[in-house]
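Chemist: So I've got this file, protein30.cif, and it contains mmCIF, C-alpha atoms:
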data_entry
loop_
_atom_site.label_atom_id
_atom_site.label_comp_id
_atom_site.auth_asym_id
_atom_site.auth_seq_id
_atom_site.Cartn_x
_atom_site.Cartn_y
_atom_site.Cartn_z
CA MET D 1 -106.74 10.52 -109.06
CA LYS D 2 -109.30 7.96 -107.97
CA ARG D 3 -112.43 9.97 -108.48
CA ILE D 4 -113.41 13.32 -109.86
CA LEU D 5 -116.28 14.96 -108.06
CA VAL D 6 -118.48 17.60 -109.54
CA HIS D 7 -120.68 19.95 -107.62
CA GLN D 8 -124.34 19.66 -108.50
CA PRO D 9 -126.13 22.85 -107.42
CA ALA D 10 -129.48 22.14 -105.87
CA THR D 11 -131.21 24.47 -108.32
CA ARG D 12 -129.73 22.91 -111.46
CA ARG D 13 -132.21 21.04 -113.57
CA SER D 14 -131.60 17.47 -114.60
CA ASN D 15 -130.17 16.87 -118.09
CA ALA D 16 -133.54 15.77 -119.33
CA ALA D 17 -135.29 18.81 -117.97
CA ALA D 18 -132.55 21.10 -119.26
CA ILE D 19 -133.03 19.67 -122.74
CA GLY D 20 -136.73 20.35 -122.37
CA SER D 21 -139.04 19.27 -125.13
CA SER D 22 -136.89 17.69 -127.84
CA ARG D 23 -139.72 18.11 -130.28
CA ALA D 24 -139.56 21.84 -129.70
CA SER D 25 -135.77 21.92 -129.98
CA LEU D 26 -135.63 20.45 -133.50
CA ARG D 27 -138.43 21.31 -135.90
CA GLN D 28 -136.82 21.01 -139.31
CA VAL D 29 -133.78 19.64 -141.13
CA VAL D 30 -132.26 21.40 -144.12
CA PHE D 31 -130.23 19.49 -146.72
CA THR D 32 -127.94 21.09 -149.22
CA ASP D 33 -128.55 20.02 -152.80
CA GLU D 34 -125.13 18.36 -152.99
CA VAL D 35 -125.71 16.38 -149.79
CA SER D 36 -129.03 15.14 -151.17
CA ARG D 37 -127.40 14.17 -154.46
CA THR D 38 -124.66 12.28 -152.62
CA LEU D 39 -127.19 10.34 -150.55
CA PHE D 40 -129.30 9.33 -153.55
CA ALA D 41 -126.25 8.58 -155.76
CA GLU D 42 -124.52 6.42 -153.16
CA TYR D 43 -127.75 4.64 -152.24
CA ARG D 44 -128.40 3.99 -155.94
CA ASP D 45 -124.86 2.58 -156.35
CA HIS D 46 -125.42 0.39 -153.32
CA ARG D 47 -128.72 -0.94 -154.71
CA LEU D 48 -127.00 -1.79 -158.00
CA SER D 49 -124.14 -3.59 -156.28
CA GLU D 50 -123.91 -7.21 -155.14
CA GLN D 51 -124.56 -5.91 -151.62
CA SER D 52 -128.00 -4.55 -152.49
CA GLN D 53 -129.78 -6.70 -149.89
CA VAL D 54 -127.40 -5.65 -147.13
CA GLU D 55 -128.08 -2.57 -145.01
CA THR D 56 -125.88 0.50 -145.36
CA GLY D 57 -125.89 4.03 -144.02
CA TRP D 58 -124.26 7.40 -143.49
CA VAL D 59 -123.37 9.77 -140.69
CA LEU D 60 -124.74 13.30 -141.11
CA LEU D 61 -122.51 16.23 -140.19
CA GLY D 62 -123.79 19.77 -140.07
CA GLN D 63 -124.71 22.66 -137.85
CA ARG D 64 -127.53 23.37 -135.41
CA TYR D 65 -129.18 26.78 -135.46
CA GLY D 66 -132.09 27.24 -133.09
CA GLU D 67 -134.83 24.82 -134.09
CA GLU D 68 -133.13 23.81 -137.35
CA ALA D 69 -130.26 21.58 -138.32
CA ILE D 70 -128.48 21.95 -141.64
CA VAL D 71 -126.69 18.90 -143.07
CA LEU D 72 -123.44 19.85 -144.80
CA ALA D 73 -121.62 16.53 -145.19
CA VAL D 74 -122.38 12.81 -145.32
CA LEU D 75 -119.90 10.11 -144.38
CA PRO D 76 -120.53 6.59 -145.72
CA ALA D 77 -120.71 3.46 -143.57
CA GLY D 78 -117.58 2.16 -145.29
CA ARG D 79 -116.72 -1.06 -147.08
CA ASN D 80 -115.54 -2.56 -143.79
CA ALA D 81 -118.83 -1.83 -142.02
CA ASP D 82 -120.34 -4.79 -140.21
CA ALA D 83 -123.55 -5.16 -142.20
CA GLY D 84 -126.12 -7.79 -143.08
CA VAL D 85 -129.72 -8.10 -144.20
CA GLY D 86 -130.95 -7.00 -140.79
CA HIS D 87 -128.28 -4.74 -139.32
CA VAL D 88 -125.48 -2.26 -139.98
CA ARG D 89 -122.69 -1.06 -137.73
CA PHE D 90 -120.69 1.70 -139.40
CA ASN D 91 -116.91 1.69 -139.75
CA ALA D 92 -116.44 4.22 -136.97
CA ALA D 93 -112.70 4.65 -137.49
CA LEU D 94 -113.22 5.69 -141.11
CA GLN D 95 -115.94 8.16 -140.17
CA ALA D 96 -113.90 9.53 -137.25
CA VAL D 97 -110.89 10.25 -139.48
CA ALA D 98 -113.09 11.83 -142.15
CA ALA D 99 -114.76 13.98 -139.46
CA ARG D 100 -111.36 15.04 -138.11
CA ILE D 101 -110.36 16.22 -141.59
CA LEU D 102 -113.60 18.19 -142.01
CA LEU D 103 -113.44 19.65 -138.49
CA GLN D 104 -110.04 21.10 -139.34
CA GLN D 105 -111.77 23.10 -142.05
CA ASP D 106 -114.86 24.11 -140.10
CA ARG D 107 -115.02 23.71 -136.33
CA ARG D 108 -118.72 24.54 -136.26
CA LEU D 109 -119.50 21.12 -137.73
CA THR D 110 -121.07 18.61 -135.43
CA ILE D 111 -122.78 15.27 -135.83
CA VAL D 112 -126.50 15.87 -136.30
CA GLY D 113 -127.75 12.37 -137.07
CA ILE D 114 -127.48 9.20 -139.11
CA VAL D 115 -129.25 7.44 -141.96
CA HIS D 116 -129.53 3.72 -142.53
CA THR D 117 -131.32 1.63 -145.09
CA HIS D 118 -133.78 -1.23 -144.90
CA PRO D 119 -133.67 -3.78 -147.74
CA GLY D 120 -137.43 -4.27 -147.36
CA SER D 121 -140.07 -1.56 -147.19
CA LEU D 122 -140.05 -0.70 -143.46
CA ARG D 123 -139.94 3.10 -143.64
CA HIS D 124 -139.53 3.68 -139.94
CA PRO D 125 -136.68 2.96 -137.49
CA SER D 126 -137.16 -0.33 -135.68
CA ALA D 127 -137.81 -0.86 -131.98
CA GLN D 128 -134.20 -2.03 -131.60
CA ASP D 129 -133.01 1.20 -133.23
CA LEU D 130 -134.98 3.19 -130.66
CA GLU D 131 -133.33 1.38 -127.80
CA GLY D 132 -129.82 2.40 -128.91
CA ASP D 133 -130.67 5.85 -130.24
CA MET D 134 -132.43 7.01 -127.05
CA THR D 135 -129.14 6.78 -125.20
CA TRP D 136 -126.96 7.96 -128.08
CA VAL D 137 -128.79 11.26 -128.75
CA LYS D 138 -127.84 12.56 -125.30
CA GLN D 139 -124.38 13.23 -126.74
CA LEU D 140 -125.68 15.42 -129.56
CA LYS D 141 -126.00 19.18 -129.52
CA GLY D 142 -129.46 20.06 -128.28
CA GLY D 143 -130.01 16.49 -127.09
CA ALA D 144 -131.85 15.56 -130.30
CA GLY D 145 -130.80 13.78 -133.50
CA ILE D 146 -131.98 13.21 -137.06
CA PHE D 147 -132.66 9.67 -138.22
CA GLY D 148 -133.23 8.75 -141.84
CA ILE D 149 -134.46 5.47 -143.26
CA GLY D 150 -133.71 4.59 -146.85
CA THR D 151 -135.98 2.16 -148.67
CA ALA D 152 -136.26 1.14 -152.30
CA ASP D 153 -139.96 1.87 -152.69
CA GLY D 154 -139.98 5.39 -154.06
CA ASP D 155 -142.68 6.86 -156.27
CA SER D 156 -140.77 5.91 -159.44
CA GLN D 157 -140.70 9.52 -160.64
CA GLY D 158 -137.19 9.40 -162.09
CA ALA D 159 -136.80 12.79 -163.76
CA TYR D 160 -136.68 14.76 -160.52
CA ALA D 161 -137.02 14.26 -156.78
CA THR D 162 -140.40 14.64 -155.10
CA GLN D 163 -141.65 15.34 -151.59
CA PRO D 164 -144.84 13.33 -151.15
CA ARG D 165 -144.92 14.17 -147.44
CA SER D 166 -143.12 16.82 -145.42
CA ASN D 167 -140.62 14.24 -144.12
CA VAL D 168 -140.34 12.03 -147.22
CA GLN D 169 -137.95 12.47 -150.11
CA CYS D 170 -138.27 10.26 -153.22
CA TRP D 171 -136.27 9.99 -156.39
CA GLY D 172 -136.99 7.15 -158.77
CA ARG D 173 -137.25 3.93 -156.82
CA LEU D 174 -135.47 5.32 -153.77
CA ARG D 175 -137.03 6.90 -150.72
CA PHE D 176 -135.65 8.59 -147.60
CA SER D 177 -137.99 9.07 -144.65
CA TRP D 178 -136.77 11.53 -142.00
CA TYR D 179 -137.43 11.41 -138.27
CA ALA D 180 -136.09 13.02 -135.11
CA LEU D 181 -135.59 11.70 -131.62
CA GLY D 182 -134.74 13.56 -128.43
CA ALA D 183 -133.23 12.36 -125.20
CA THR D 184 -136.57 12.68 -123.44
CA ASP D 185 -138.65 11.02 -126.16
CA HIS D 186 -140.03 7.52 -126.26
CA ALA D 187 -140.70 7.52 -130.01
CA TYR D 188 -139.34 9.04 -133.22
CA TRP D 189 -141.42 11.74 -134.83
CA PRO D 190 -141.58 12.72 -138.55
CA LEU D 191 -139.17 15.58 -139.19
CA PRO D 192 -139.99 17.98 -142.06
CA TYR D 193 -137.13 18.81 -144.36
CA ARG D 194 -136.32 21.41 -146.96
CA LEU D 195 -133.54 21.85 -149.50
CA THR D 196 -131.11 24.69 -150.03
CA LEU D 197 -128.18 25.25 -152.35
CA GLY D 198 -124.88 24.22 -150.82
CA PRO D 199 -122.02 21.76 -150.73
CA ASP D 200 -121.39 18.29 -149.47
CA LEU D 201 -118.21 19.16 -147.59
CA ALA D 202 -117.11 15.52 -147.70
CA ARG D 203 -117.15 15.43 -151.51
CA PRO D 204 -113.37 16.17 -151.83
CA LEU D 205 -112.74 13.05 -149.71
CA HIS D 206 -114.58 10.71 -152.07
CA PRO D 207 -111.52 9.76 -154.18
CA LEU D 208 -109.70 9.01 -150.93
CA TRP D 209 -112.25 6.71 -149.24
CA PRO D 210 -110.22 3.51 -149.98
CA VAL D 211 -106.99 5.07 -148.62
CA LEU D 212 -108.79 6.47 -145.58
CA GLU D 213 -110.48 3.17 -144.87
CA SER D 214 -107.24 1.15 -145.20
CA ASN D 215 -105.43 3.45 -142.79
CA ALA D 216 -108.29 4.66 -140.60
CA GLU D 217 -107.33 2.90 -137.36
CA TRP D 218 -103.80 4.29 -137.09
CA LEU D 219 -104.71 7.71 -138.50
CA ASP D 220 -107.40 8.11 -135.86
CA ARG D 221 -105.06 6.87 -133.13
CA VAL D 222 -102.31 9.31 -134.12
CA ALA D 223 -104.70 12.25 -134.43
CA SER D 224 -106.20 11.60 -131.00
CA ARG D 225 -102.79 11.29 -129.28
CA GLN D 226 -100.55 13.70 -131.18
CA VAL D 227 -101.50 17.33 -130.69
CA GLY D 228 -101.07 19.35 -133.87
CA THR D 229 -101.68 16.52 -136.35
CA ARG D 230 -102.92 18.04 -139.60
CA PHE D 231 -104.55 16.41 -142.61
CA GLU D 232 -104.44 17.83 -146.09
CA ILE D 233 -105.70 16.61 -149.44
CA ILE D 234 -103.10 17.19 -152.11
CA SER D 235 -103.41 16.83 -155.87
CA GLY D 236 -100.77 15.37 -158.13
CA SER D 237 -100.60 14.65 -161.82
CA ASP D 238 -101.88 11.14 -161.13
CA GLY D 239 -104.67 11.87 -158.69
CA LYS D 240 -105.29 12.92 -155.10
CA ALA D 241 -103.41 11.88 -151.99
CA LEU D 242 -103.77 12.41 -148.25
CA MET D 243 -100.91 14.20 -146.49
CA VAL D 244 -100.62 13.85 -142.70
CA SER D 245 -98.33 16.32 -140.94
CA LEU D 246 -97.01 15.45 -137.50
CA PRO D 247 -94.98 17.96 -135.47
CA LEU D 248 -91.72 16.49 -134.12
CA ALA D 249 -90.05 17.22 -130.81
CA ASP D 250 -87.29 19.27 -132.52
CA ALA D 251 -88.29 22.88 -133.01
CA ASP D 252 -89.65 23.62 -136.49
CA SER D 253 -89.49 19.96 -137.50
CA ALA D 254 -92.34 17.90 -138.86
CA LEU D 255 -92.92 14.50 -140.37
CA ARG D 256 -95.18 14.32 -143.37
CA VAL D 257 -96.75 11.05 -144.44
CA ILE D 258 -98.25 10.94 -147.91
CA LEU D 259 -100.80 8.19 -148.53
CA LYS D 260 -101.85 7.35 -152.03
CA GLY D 261 -103.37 4.04 -152.99
CA GLU D 262 -101.05 1.38 -151.61
CA GLU D 263 -98.09 3.76 -151.50
CA VAL D 264 -96.84 5.44 -148.33
CA GLU D 265 -94.14 8.11 -148.48
CA TYR D 266 -92.42 9.65 -145.46
CA LEU D 267 -90.85 13.11 -145.62
CA ARG D 268 -89.09 14.96 -142.82
CA PHE D 269 -89.14 18.74 -142.85
CA HIS D 270 -86.90 21.08 -140.89
CA HIS D 271 -87.57 24.84 -141.05
CA GLY D 272 -89.92 24.10 -143.94
CA GLU D 273 -87.20 22.38 -145.98
CA PRO D 274 -87.35 18.66 -146.81
CA CYS D 275 -84.63 16.44 -145.42
CA GLU D 276 -84.20 12.68 -145.28
CA ALA D 277 -86.57 10.73 -143.07
CA ASP D 278 -85.05 7.98 -140.94
CA MET J 1 -123.61 21.14 -101.13
CA ASP J 2 -124.42 17.98 -103.05
CA PHE J 3 -121.28 16.12 -104.17
CA ARG J 4 -121.50 13.05 -106.37
CA PRO J 5 -119.17 11.07 -108.68
CA ILE J 6 -118.79 12.55 -112.14
CA THR J 7 -120.75 10.73 -114.87
CA ASP J 8 -119.21 9.36 -118.09
CA SER J 9 -120.76 12.10 -120.17
CA GLU J 10 -119.54 14.81 -117.76
CA ARG J 11 -116.08 13.24 -117.78
CA ARG J 12 -116.01 13.38 -121.60
CA GLN J 13 -117.21 16.98 -121.52
CA LEU J 14 -114.56 17.93 -118.95
CA VAL J 15 -111.75 16.19 -120.83
CA GLY J 16 -112.92 17.84 -124.06
CA ALA J 17 -112.95 21.26 -122.42
CA LEU J 18 -109.47 20.77 -120.93
CA ARG J 19 -108.14 19.60 -124.30
CA GLY J 20 -109.80 22.53 -126.09
CA ASN J 21 -108.26 24.90 -123.55
CA ALA J 22 -104.78 23.41 -123.94
CA GLU J 23 -104.85 23.14 -127.71
CA SER J 24 -106.98 26.01 -128.90
CA ASN J 25 -107.26 28.41 -125.96
CA GLN J 26 -110.99 27.75 -125.69
CA ALA J 27 -112.46 29.21 -122.53
CA ILE J 28 -113.55 26.84 -119.79
CA MET J 29 -116.77 28.28 -118.45
CA MET J 30 -117.71 28.46 -114.79
CA ASP J 31 -121.01 29.12 -113.09
CA ARG J 32 -120.51 32.48 -111.38
CA ARG J 33 -122.80 31.51 -108.50
CA ASP J 34 -121.00 28.42 -107.34
CA THR J 35 -117.87 28.06 -109.58
CA SER J 36 -119.11 24.74 -110.98
CA PHE J 37 -117.99 23.65 -114.46
CA VAL J 38 -120.60 24.54 -117.07
CA GLY J 39 -118.88 23.65 -120.33
CA SER J 40 -116.47 25.23 -122.77
CA ALA J 41 -116.78 28.04 -125.28
CA ASN J 42 -117.69 25.45 -127.90
CA ASP J 43 -120.60 23.60 -126.40
CA VAL J 44 -119.74 20.44 -128.36
CA THR J 45 -115.99 19.98 -128.74
CA ASP J 46 -114.24 18.21 -131.60
CA GLU J 47 -113.49 15.25 -129.36
CA GLU J 48 -117.13 15.03 -128.33
CA VAL J 49 -118.11 14.94 -132.00
CA ILE J 50 -115.58 12.16 -132.60
CA SER J 51 -116.79 10.35 -129.50
CA ALA J 52 -120.40 10.54 -130.72
CA ILE J 53 -119.37 9.17 -134.14
CA LYS J 54 -117.54 6.29 -132.53
CA SER J 55 -120.51 5.43 -130.36
CA VAL J 56 -123.18 5.32 -133.08
CA PRO J 57 -125.10 2.18 -132.10
CA CYS J 58 -125.76 -0.74 -134.40
CA HIS J 59 -128.92 -0.15 -136.45
CA TYR J 60 -131.44 -2.79 -137.47
#
Please rewrite the model in this file as structure tokens.

Modeler:
Amino acid sequence: MKRILVHQPATRRSNAAAIGSSRASLRQVVFTDEVSRTLFAEYRDHRLSEQSQVETGWVLLGQRYGEEAIVLAVLPAGRNADAGVGHVRFNAALQAVAARILLQQDRRLTIVGIVHTHPGSLRHPSAQDLEGDMTWVKQLKGGAGIFGIGTADGDSQGAYATQPRSNVQCWGRLRFSWYALGATDHAYWPLPYRLTLGPDLARPLHPLWPVLESNAEWLDRVASRQVGTRFEIISGSDGKALMVSLPLADADSALRVILKGEEVEYLRFHHGEPCEAD
Amino acid sequence: MDFRPITDSERRQLVGALRGNAESNQAIMMDRRDTSFVGSANDVTDEEVISAIKSVPCHY
């Protein structure tokens, strides 16, 4: 097939017009308490590490309901992210595999935005950020995304988090400033947030980040090509492991790969019973 | 009729809808007036979510 053609009815509005006012389509972001704790805890760890002057970030997964988005999971940039004092490019393979695992549990999840940090005190996305994000948000549900900026110039109130402005969240020396951007916008706008009780759905993956990151490229490749690939987190006496199940061509046969630390174990199952893997 | 080449984003949406139909029996939706493709039952498919994650631009 050389080309696929699609019929464009004369009455259909353009994408931009169909999205309408992005500002109207996203009026508030809701964070669960566990998601907020993860963001502050991981940012604090980052600031205490040797990489404190390097940018980092997270992908935000959640759901869109009307004019609100609720963030239900955060995926870190990864140790193999390409990051420096003035930029960060996330480890996309790690985040893709983590998202695949979470999507198996809840197919309503979608990507709602990203957060990145600035080592200095610039509390707003940069002009270069805007250039890339304007194009990127077209892929998001509702044509609008959430963009957070983390800086280390909070209000120093360490006992509890504060909300000095509707779009600003501070805890100790750390600050997150929240913005939104739509496909038809030429600037970010401050996005009010509120908190609710709820999980960080990615929390069970935390002990597995090193394993996921070491194997992310091939795991993502297999999952995208092999229909029916399943991921499962299993617990053993000596910690958690990732089990990947791959259906085989033989009826009722599957290959299970168990990843734990540096160890990789292959198991072949036939009619639910283990047999030797070649 | 106004025919034009499919865009990258429409191609991703179409592939996602076909995959969702094959793997999870998701409905592929059609505009009743002109039979044009108007998305799948899930307006953002899993593969579109993965595609968006993989295309997060560099931030500065």

Chemist: State, in Å with one decimal place, the distance from atom CA of D:Glu263 to atom CA of D:Glu232.

Modeler: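 Spanning atom CA of D:Glu263 to atom CA of D:Glu232 is a straight-line distance of 16.4 Å.
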
Chemist: At a cut-off of 12 Å, using all atoms listed in the file, what residues contact D:Asp153? Leave out same-chain residues fewer than 2 positions from it and give the result as number ranges by chain.

Modeler: D: 47, 117-123, 149-151, 155-157, 168-177

Chemist: Hey, which of D:Ile101, D:Leu208, D:Leu72, D:Ala202 ends up closest to chain J? Count only C-alpha atoms.

Modeler: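 Residue with the minimum atom-to-atom distance to chain J: D:Ile101.
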
Chemist: I need the residue nearest chain J from this list: D:Phe90, D:Tyr65, D:Trp58, D:Phe40. Use all atoms listed in the file for the distance.

Modeler: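 For chain J, the nearest of the candidates is D:Phe90.
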
Chemist: Once you count only C-alpha atoms, which residues of chain D turn out to be within 9 Å of chain J? Could you give them as a PDB file with C-alpha atoms, in the frame of the given file?

Modeler:
ATOM      1  CA  ARG D   3    -112.430   9.970-108.480  1.00  0.00           C
ATOM      2  CA  ILE D   4    -113.410  13.320-109.860  1.00  0.00           C
ATOM      3  CA  LEU D   5    -116.280  14.960-108.060  1.00  0.00           C
ATOM      4  CA  VAL D   6    -118.480  17.600-109.540  1.00  0.00           C
ATOM      5  CA  HIS D   7    -120.680  19.950-107.620  1.00  0.00           C
ATOM      6  CA  GLN D   8    -124.340  19.660-108.500  1.00  0.00           C
ATOM      7  CA  PRO D   9    -126.130  22.850-107.420  1.00  0.00           C
ATOM      8  CA  ALA D  10    -129.480  22.140-105.870  1.00  0.00           C
ATOM      9  CA  GLU D  55    -128.080  -2.570-145.010  1.00  0.00           C
ATOM     10  CA  VAL D  59    -123.370   9.770-140.690  1.00  0.00           C
ATOM     11  CA  ASP D  82    -120.340  -4.790-140.210  1.00  0.00           C
ATOM     12  CA  VAL D  85    -129.720  -8.100-144.200  1.00  0.00           C
ATOM     13  CA  GLY D  86    -130.950  -7.000-140.790  1.00  0.00           C
ATOM     14  CA  HIS D  87    -128.280  -4.740-139.320  1.00  0.00           C
ATOM     15  CA  VAL D  88    -125.480  -2.260-139.980  1.00  0.00           C
ATOM     16  CA  ARG D  89    -122.690  -1.060-137.730  1.00  0.00           C
ATOM     17  CA  PHE D  90    -120.690   1.700-139.400  1.00  0.00           C
ATOM     18  CA  ASN D  91    -116.910   1.690-139.750  1.00  0.00           C
ATOM     19  CA  ALA D  92    -116.440   4.220-136.970  1.00  0.00           C
ATOM     20  CA  ALA D  93    -112.700   4.650-137.490  1.00  0.00           C
ATOM     21  CA  GLN D  95    -115.940   8.160-140.170  1.00  0.00           C
ATOM     22  CA  ALA D  96    -113.900   9.530-137.250  1.00  0.00           C
ATOM     23  CA  VAL D  97    -110.890  10.250-139.480  1.00  0.00           C
ATOM     24  CA  ALA D  99    -114.760  13.980-139.460  1.00  0.00           C
ATOM     25  CA  ARG D 100    -111.360  15.040-138.110  1.00  0.00           C
ATOM     26  CA  LEU D 103    -113.440  19.650-138.490  1.00  0.00           C
ATOM     27  CA  ARG D 107    -115.020  23.710-136.330  1.00  0.00           C
ATOM     28  CA  ARG D 108    -118.720  24.540-136.260  1.00  0.00           C
ATOM     29  CA  LEU D 109    -119.500  21.120-137.730  1.00  0.00           C
ATOM     30  CA  THR D 110    -121.070  18.610-135.430  1.00  0.00           C
ATOM     31  CA  ILE D 111    -122.780  15.270-135.830  1.00  0.00           C
ATOM     32  CA  ILE D 114    -127.480   9.200-139.110  1.00  0.00           C
ATOM     33  CA  HIS D 116    -129.530   3.720-142.530  1.00  0.00           C
ATOM     34  CA  THR D 117    -131.320   1.630-145.090  1.00  0.00           C
ATOM     35  CA  HIS D 118    -133.780  -1.230-144.900  1.00  0.00           C
ATOM     36  CA  PRO D 125    -136.680   2.960-137.490  1.00  0.00           C
ATOM     37  CA  SER D 126    -137.160  -0.330-135.680  1.00  0.00           C
ATOM     38  CA  ALA D 127    -137.810  -0.860-131.980  1.00  0.00           C
ATOM     39  CA  GLN D 128    -134.200  -2.030-131.600  1.00  0.00           C
ATOM     40  CA  ASP D 129    -133.010   1.200-133.230  1.00  0.00           C
ATOM     41  CA  GLY D 132    -129.820   2.400-128.910  1.00  0.00           C
ATOM     42  CA  ASP D 133    -130.670   5.850-130.240  1.00  0.00           C
ATOM     43  CA  TRP D 136    -126.960   7.960-128.080  1.00  0.00           C
ATOM     44  CA  VAL D 137    -128.790  11.260-128.750  1.00  0.00           C
ATOM     45  CA  LYS D 138    -127.840  12.560-125.300  1.00  0.00           C
ATOM     46  CA  GLN D 139    -124.380  13.230-126.740  1.00  0.00           C
ATOM     47  CA  LEU D 140    -125.680  15.420-129.560  1.00  0.00           C
ATOM     48  CA  LYS D 141    -126.000  19.180-129.520  1.00  0.00           C
ATOM     49  CA  SER D 224    -106.200  11.600-131.000  1.00  0.00           C
ATOM     50  CA  VAL D 227    -101.500  17.330-130.690  1.00  0.00           C
ATOM     51  CA  GLY D 228    -101.070  19.350-133.870  1.00  0.00           C
TER      52      GLY D 228
END

Chemist: If you measure from atom CA of D:Glu213 to atom CA of D:Leu242, what distance in Å do you get, rounded to one decimal?

Modeler: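 Taking atom CA of D:Glu213 and atom CA of D:Leu242, their separation equals 11.9 Å.
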
Chemist: Would you write out, as a ChimeraX atom specification, every residue that the PyMOL selection byres ((chain D and resi 239) around 12) captures in this file?

Modeler: /D:204,206-208,233-238,240-242,259-261

Chemist: Please determine an axis-aligned box that encloses all atoms of stretch 8-15 of chain J listed in the file, with 8 Å added on each side, and express its centre and edge lengths in Å to one decimal as JSON.

Modeler:
{"center_x": -116.3, "center_y": 13.6, "center_z": -119.7, "size_x": 25.0, "size_y": 24.6, "size_z": 19.8}

Chemist: For atom CA of D:Phe31 and atom CA of D:Leu197, quote the distance in Å rounded to one decimal.

Modeler: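 Atom-to-atom, atom CA of D:Phe31 to atom CA of D:Leu197, that is 8.3 Å.
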
Chemist: Could you give me, as an MDAnalysis selection string, the residues that have an atom at most 12 Å away from the point (-137.3, 11.2, -139.4) in the coordinates of the file, using only C-alpha atoms?

Modeler: chainID D and resid 23 26:29 113:116 123:125 144:150 165:169 176:182 187:193

Chemist: Please produce a file of the residues just selected, as a PDB file, in the coordinates of the input, where the atoms kept are C-alpha atoms.

Modeler:
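Contents of the output file selection-v9.pdb:
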ATOM      1  CA  ARG D  23    -139.720  18.110-130.280  1.00  0.00           C
ATOM      2  CA  LEU D  26    -135.630  20.450-133.500  1.00  0.00           C
ATOM      3  CA  ARG D  27    -138.430  21.310-135.900  1.00  0.00           C
ATOM      4  CA  GLN D  28    -136.820  21.010-139.310  1.00  0.00           C
ATOM      5  CA  VAL D  29    -133.780  19.640-141.130  1.00  0.00           C
ATOM      6  CA  GLY D 113    -127.750  12.370-137.070  1.00  0.00           C
ATOM      7  CA  ILE D 114    -127.480   9.200-139.110  1.00  0.00           C
ATOM      8  CA  VAL D 115    -129.250   7.440-141.960  1.00  0.00           C
ATOM      9  CA  HIS D 116    -129.530   3.720-142.530  1.00  0.00           C
ATOM     10  CA  ARG D 123    -139.940   3.100-143.640  1.00  0.00           C
ATOM     11  CA  HIS D 124    -139.530   3.680-139.940  1.00  0.00           C
ATOM     12  CA  PRO D 125    -136.680   2.960-137.490  1.00  0.00           C
ATOM     13  CA  ALA D 144    -131.850  15.560-130.300  1.00  0.00           C
ATOM     14  CA  GLY D 145    -130.800  13.780-133.500  1.00  0.00           C
ATOM     15  CA  ILE D 146    -131.980  13.210-137.060  1.00  0.00           C
ATOM     16  CA  PHE D 147    -132.660   9.670-138.220  1.00  0.00           C
ATOM     17  CA  GLY D 148    -133.230   8.750-141.840  1.00  0.00           C
ATOM     18  CA  ILE D 149    -134.460   5.470-143.260  1.00  0.00           C
ATOM     19  CA  GLY D 150    -133.710   4.590-146.850  1.00  0.00           C
ATOM     20  CA  ARG D 165    -144.920  14.170-147.440  1.00  0.00           C
ATOM     21  CA  SER D 166    -143.120  16.820-145.420  1.00  0.00           C
ATOM     22  CA  ASN D 167    -140.620  14.240-144.120  1.00  0.00           C
ATOM     23  CA  VAL D 168    -140.340  12.030-147.220  1.00  0.00           C
ATOM     24  CA  GLN D 169    -137.950  12.470-150.110  1.00  0.00           C
ATOM     25  CA  PHE D 176    -135.650   8.590-147.600  1.00  0.00           C
ATOM     26  CA  SER D 177    -137.990   9.070-144.650  1.00  0.00           C
ATOM     27  CA  TRP D 178    -136.770  11.530-142.000  1.00  0.00           C
ATOM     28  CA  TYR D 179    -137.430  11.410-138.270  1.00  0.00           C
ATOM     29  CA  ALA D 180    -136.090  13.020-135.110  1.00  0.00           C
ATOM     30  CA  LEU D 181    -135.590  11.700-131.620  1.00  0.00           C
ATOM     31  CA  GLY D 182    -134.740  13.560-128.430  1.00  0.00           C
ATOM     32  CA  ALA D 187    -140.700   7.520-130.010  1.00  0.00           C
ATOM     33  CA  TYR D 188    -139.340   9.040-133.220  1.00  0.00           C
ATOM     34  CA  TRP D 189    -141.420  11.740-134.830  1.00  0.00           C
ATOM     35  CA  PRO D 190    -141.580  12.720-138.550  1.00  0.00           C
ATOM     36  CA  LEU D 191    -139.170  15.580-139.190  1.00  0.00           C
ATOM     37  CA  PRO D 192    -139.990  17.980-142.060  1.00  0.00           C
ATOM     38  CA  TYR D 193    -137.130  18.810-144.360  1.00  0.00           C
TER      39      TYR D 193
END
